[in-house]
Structures are given as C-alpha cells and as structure tokens.
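Undergrad: Have a look at the structure that comes next, please.
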Amino acid sequence: MNQRVLQQHLEKIERGQALITLLFFTIIGITITSAAVVMILVNSLSGTKQQQGEIAYDIAQSGAENGLLRLIRNPTYTGETLNVGSGTAIITVTGNGSSGNPYVILSKGTTGIFMREEEITATYQNNLLTVTSRGEVYQ
C-alpha cells in the first residue's frame with residue numbers, strides 16, 4: 001500500500017510539472033505575439049507620418065510652381081494662400097527680379113501638423129524669367 005501512495009504522489013508531481021511547462025510556453029508565446037503587434041503598430045504609424053510629410057512637400061512644390069506661374073504673368077505678384085487638396089500653401093514673393101535683387105518665391109506647404117518649405121530663386125532678363133535655383137528649405 002505504501003508503494004501505491006508513492007506512485008499516486010509521483011503522478012501528481014508529474015501533472016504539476018506539465019502544467020508549469022505549459023504556462024511557461026504560453027507566457028513566451030504571448031510575449032512574442034505582443035512584441036510583433038507592437039512592431040506592426042509602430043511601423044504603421046511611421047509610414048503614415050512619412051506619407052503626411054511627403055504630402056506637405058508636394059503641397060509646397062505646388063505652391064512654388066503656382067507662384068512662379070503667377071510671377072511670369074504679373075511681375076508685381078507678392079504671394080497668396082492657396083488651398084491644395086487637404087492642405088494649404090502659403091506663398092510669399094520677395095525681390096524685384098533685377099540681377100542685383102532676384103525674386104525669391106517661398107512656399108510653405110502644410111497638412112495637419114506637418115509643414116515643408118520649397119524655395120525658388122528667379123531673375124528677369126530681357127523679359128524672360130529664369131529660375132536660378134530651387135530646393136527644399138530645411139529648418
């Protein structure tokens with residue numbers, strides 16, 4: 001009878017060890033799955049922010065191109081606020097176009113909380129507007 005009690009006791013210990021092993025592997029699985037979900041969310045947010053920044057840059061470029069076109073049509077153009085899609089381009093033009101003081105077209109494109117700037121420098125020579133430089137303004 002002693003041996004039978006001992007065998008039942010050993011079976012209970014083995015079942016307890018199996019339960020502990022199962023819990024251990026379950027916790028590891030949940031941890032790995034949670035980490036994967038967090039990484040997916042972080043990457044998704046990062047991609048969204050990248051896209052919003054690109055949209056703001058496209059809006060700034062559209063504003064700069066609009067400013068250049070308006071300046072060709074009217075040399076006294078000084079700027080405007082232009083709605084582009086879901087964003088806004090604020091265009092300012094400084095200078096008078098002579099070789100000593102070229103026109104500088106600055107366009108600030110905004111969408112949501114993102115803002116990017118595009119700058120074009122141009123001069124008038126013989127009734128011809130020539131773009132001398134253009135590029136993004138970094139702050």
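Chain labels follow the order of the structure tokens: the first chain is A, the next B, and so on; residue numbering restarts at 1 in every chain, and ligands are counted from 1 in their shown order.
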Quick one: DSSP helix (DSSP H, G or I) residues in chain A, as a PyMOL selection string?
TA: chain A and resi 2-73
Undergrad: Within 12 Å of Thr78 (chain A), counting only C-alpha atoms, which residues qualify if same-chain residues fewer than 6 places away don't, as a PyMOL selection string?
TA: chain A and resi 66-68+70-72+90-97+103-107
Undergrad: Can you work out which one of A:Ala18, A:Val5, A:Val84, A:Val131 has the shortest atom-to-atom distance to Ala56 (chain A), counting only C-alpha atoms?
TA: A:Val84
Undergrad: Would you kindly return, as JSON, numbers by chain, each protein, DNA or RNA residue with an atom no farther than 10 Å from any atom of region 51-55 of chain A, considering only C-alpha atoms and excluding same-chain residues fewer than 6 positions away?
TA: {"A": [45, 61, 85, 86, 87, 109, 110, 111, 112, 113, 114, 115, 116]}
Undergrad: Looking only at the backbone, which of the residues in chain A does DSSP tag as strand (DSSP E), as number ranges by chain?
TA: A: 79-84, 87-94, 103-111, 114-125, 128-137
Undergrad: When distances are computed from only C-alpha atoms, which of A:Gln50, A:Gln7, A:Asn127, A:Thr121 shows the smallest separation from Asn101 (chain A)?
TA: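 That would be A:Thr121, the residue with the smallest distance to Asn101 (chain A).
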Undergrad: Enter the distance from CA of Leu69 (chain A) to CA of Tyr124 (chain A), in Å, rounded to one decimal.
TA: 13.3 Å
Undergrad: May I ask which of the residues A:Gln3, A:Thr88, A:Ser133, A:Thr76 is the closest one to Asp58 (chain A), counting only C-alpha atoms?
TA: A:Thr88
